[in-house]
Amino acid sequence: MDQVDQASGLRTIVESNTLSRGRTASRAPGRRSMPRVVAVTSGKGGVGKSHCVGSLALALTKLGKRVVVVDADVGLANIDILFNLRPRYNIGHILSGEKKLKQVIVTTDHGVKIIPGGSGFANLTQLSDGEKLNLLSEFEALEEMADFVLVDTGAGISSNVLYFNVASDENIVIATREPTSITDAYALMKVLSRDHGIKYFKLVVNMVKSEREAKSVYASLSGAIDKFLGNVVLEYFGYIPMDENLQKAVLKRSTVVEYAPQSPSAMSIGGLAQKMAESKLRPGSDGNIKFFMGRILDLDPAR
């Protein structure tokens, strides 16, 4: 079964479960808004995606936002390394019914909550309906604990990468100036738009010398998208400059926001976090699967 069928099938499950609970699709007055699920993805590995996720999470926390990071990179699950964590459990223990979400989730010294995933997500697209509902039920708790859910996807166009991108409200693509990074980022957006209906992406260009260089990368990608994909929109969201502190932070297994908060790269990440905190969801940006959080209680089937 492909990802479109999975998304459609899961939406049917969610709608049925919502009705069976006797809950309405509208939110109760005075309640917090739902968390925003943001997939951070890339066409290839080695572009600093996980470091971007960890740094953005910390920068958002410094702005007073409650952040949950879902480590969904099956091949290189390393968010825990950035925060010097050694989690005992991962998402696989929830799927198997061995543990509850509250037993799996870990909190960093900075207040960022991490949901370790790794290999536990390897067969996500092959879950039974019952397992999907169990996951949805467990993740209802995110409604009350997060303003942002950042999903660190794998790289490339594997089924899991596509699945998480389709599930999210927003899609941030990380690329560098390397030609292979640019071509692979285009390939990822092509598949997501052509096969899964995602028409809006935000681009962050990482490890460049200047904004001029970053905008050159954006121009290359935007030009190809305009020429070959038509109605897809790529927003230039910002860039992260390469500096020696960024490299040192990686070697120290830390985020540059913590290691050198006044460095050019950390300041740039802080600016990106500020934009995320201030931006509003685009009309119609409602995601497709929503299993990361408690929207099972509030899903409007008509959307």
# chains A, B, ... in the order shown; residues from 1 in each chain; ligands from 1
>>> residues_around(residues="range 50-54 of chain A", least_positions_apart="2", cutoff="7 Å", atoms="only C-alpha atoms", output="ChimeraX atom specification")
/A:40,48,56-58,79,82,150,152,255
>>> select_by_dssp(residues="range 98-289 of chain A", states="strand (DSSP E or B)", output="NGL selection string")
:A and (106-107 or 113-115 or 148-155 or 170-175 or 200-208 or 233-241)
>>> select_by_dssp(residues="range 29-91 of chain A", states="alpha helix (DSSP H)", output="ChimeraX atom specification")
/A:49-62,79-82,91
>>> residues_around(residues="Val233 in chain A", least_positions_apart="4", cutoff="9 Å", atoms="only C-alpha atoms", output="short mmCIF file (atom, residue, chain, number, x, y, z; two decimals) with N, CA and C atoms, in the first residue's frame")
data_model
loop_
_atom_site.label_atom_id
_atom_site.label_comp_id
_atom_site.auth_asym_id
_atom_site.auth_seq_id
_atom_site.Cartn_x
_atom_site.Cartn_y
_atom_site.Cartn_z
N LYS A 199 2.45 21.09 -1.86
CA LYS A 199 2.74 22.16 -2.82
C LYS A 199 3.49 23.33 -2.23
N TYR A 200 3.86 23.24 -0.97
CA TYR A 200 4.51 24.39 -0.33
C TYR A 200 5.66 23.89 0.54
N PHE A 201 6.84 24.45 0.30
CA PHE A 201 8.03 24.08 1.06
C PHE A 201 8.78 25.33 1.49
N LYS A 202 9.51 25.19 2.59
CA LYS A 202 10.40 26.26 3.04
C LYS A 202 11.83 25.74 2.92
N SER A 222 14.50 27.07 -7.02
CA SER A 222 13.25 27.74 -7.38
C SER A 222 13.06 27.76 -8.89
N ILE A 225 11.98 24.32 -10.02
CA ILE A 225 10.60 24.06 -9.60
C ILE A 225 9.62 24.83 -10.49
N ASP A 226 9.90 26.09 -10.75
CA ASP A 226 9.01 26.88 -11.61
C ASP A 226 8.92 26.28 -13.01
#
>>> closest_residue(among="A:Val112, A:Met242, A:Val67, A:Ala260", to="Lys209 in chain A", atoms="only C-alpha atoms")
A:Met242
>>> atom_distance(atom1="CA of Glu213 in chain A", atom2="CA of Thr176 in chain A")
9.7 Å
>>> residues_around(residues="range 269-275 of chain A", least_positions_apart="5", cutoff="7 Å", atoms="only C-alpha atoms", output="list in words")
Ser55, Leu56, Ala59, Leu60, Gly238 and Ile240 of chain A
>>> write_last_selection(atoms="N, CA, C and O atoms", output="short mmCIF file (atom, residue, chain, number, x, y, z; two decimals), in the first residue's frame")
data_model
loop_
_atom_site.label_atom_id
_atom_site.label_comp_id
_atom_site.auth_asym_id
_atom_site.auth_seq_id
_atom_site.Cartn_x
_atom_site.Cartn_y
_atom_site.Cartn_z
N SER A 55 19.22 22.47 17.10
CA SER A 55 19.47 23.89 17.36
C SER A 55 18.18 24.70 17.32
O SER A 55 17.98 25.59 18.15
N LEU A 56 17.31 24.40 16.37
CA LEU A 56 16.02 25.10 16.31
C LEU A 56 15.18 24.80 17.55
O LEU A 56 14.51 25.70 18.07
N ALA A 59 16.59 26.87 20.33
CA ALA A 59 16.32 28.29 20.12
C ALA A 59 14.84 28.62 20.36
O ALA A 59 14.51 29.66 20.94
N LEU A 60 13.95 27.74 19.94
CA LEU A 60 12.52 27.95 20.20
C LEU A 60 12.21 27.89 21.69
O LEU A 60 11.39 28.66 22.20
N GLY A 238 15.61 31.11 4.96
CA GLY A 238 16.80 31.65 5.59
C GLY A 238 18.02 30.77 5.36
O GLY A 238 17.97 29.80 4.61
N ILE A 240 22.05 29.39 7.21
CA ILE A 240 22.92 29.23 8.37
C ILE A 240 24.35 29.28 7.87
O ILE A 240 24.77 28.41 7.10
#
>>> atom_distance(atom1="CA of Thr153 in chain A", atom2="CA of Gly111 in chain A")
21.3 Å
>>> closest_residue(among="A:Met207, A:Val106, A:Ala224, A:Val191", to="Gly46 in chain A", atoms="only C-alpha atoms")
A:Met207
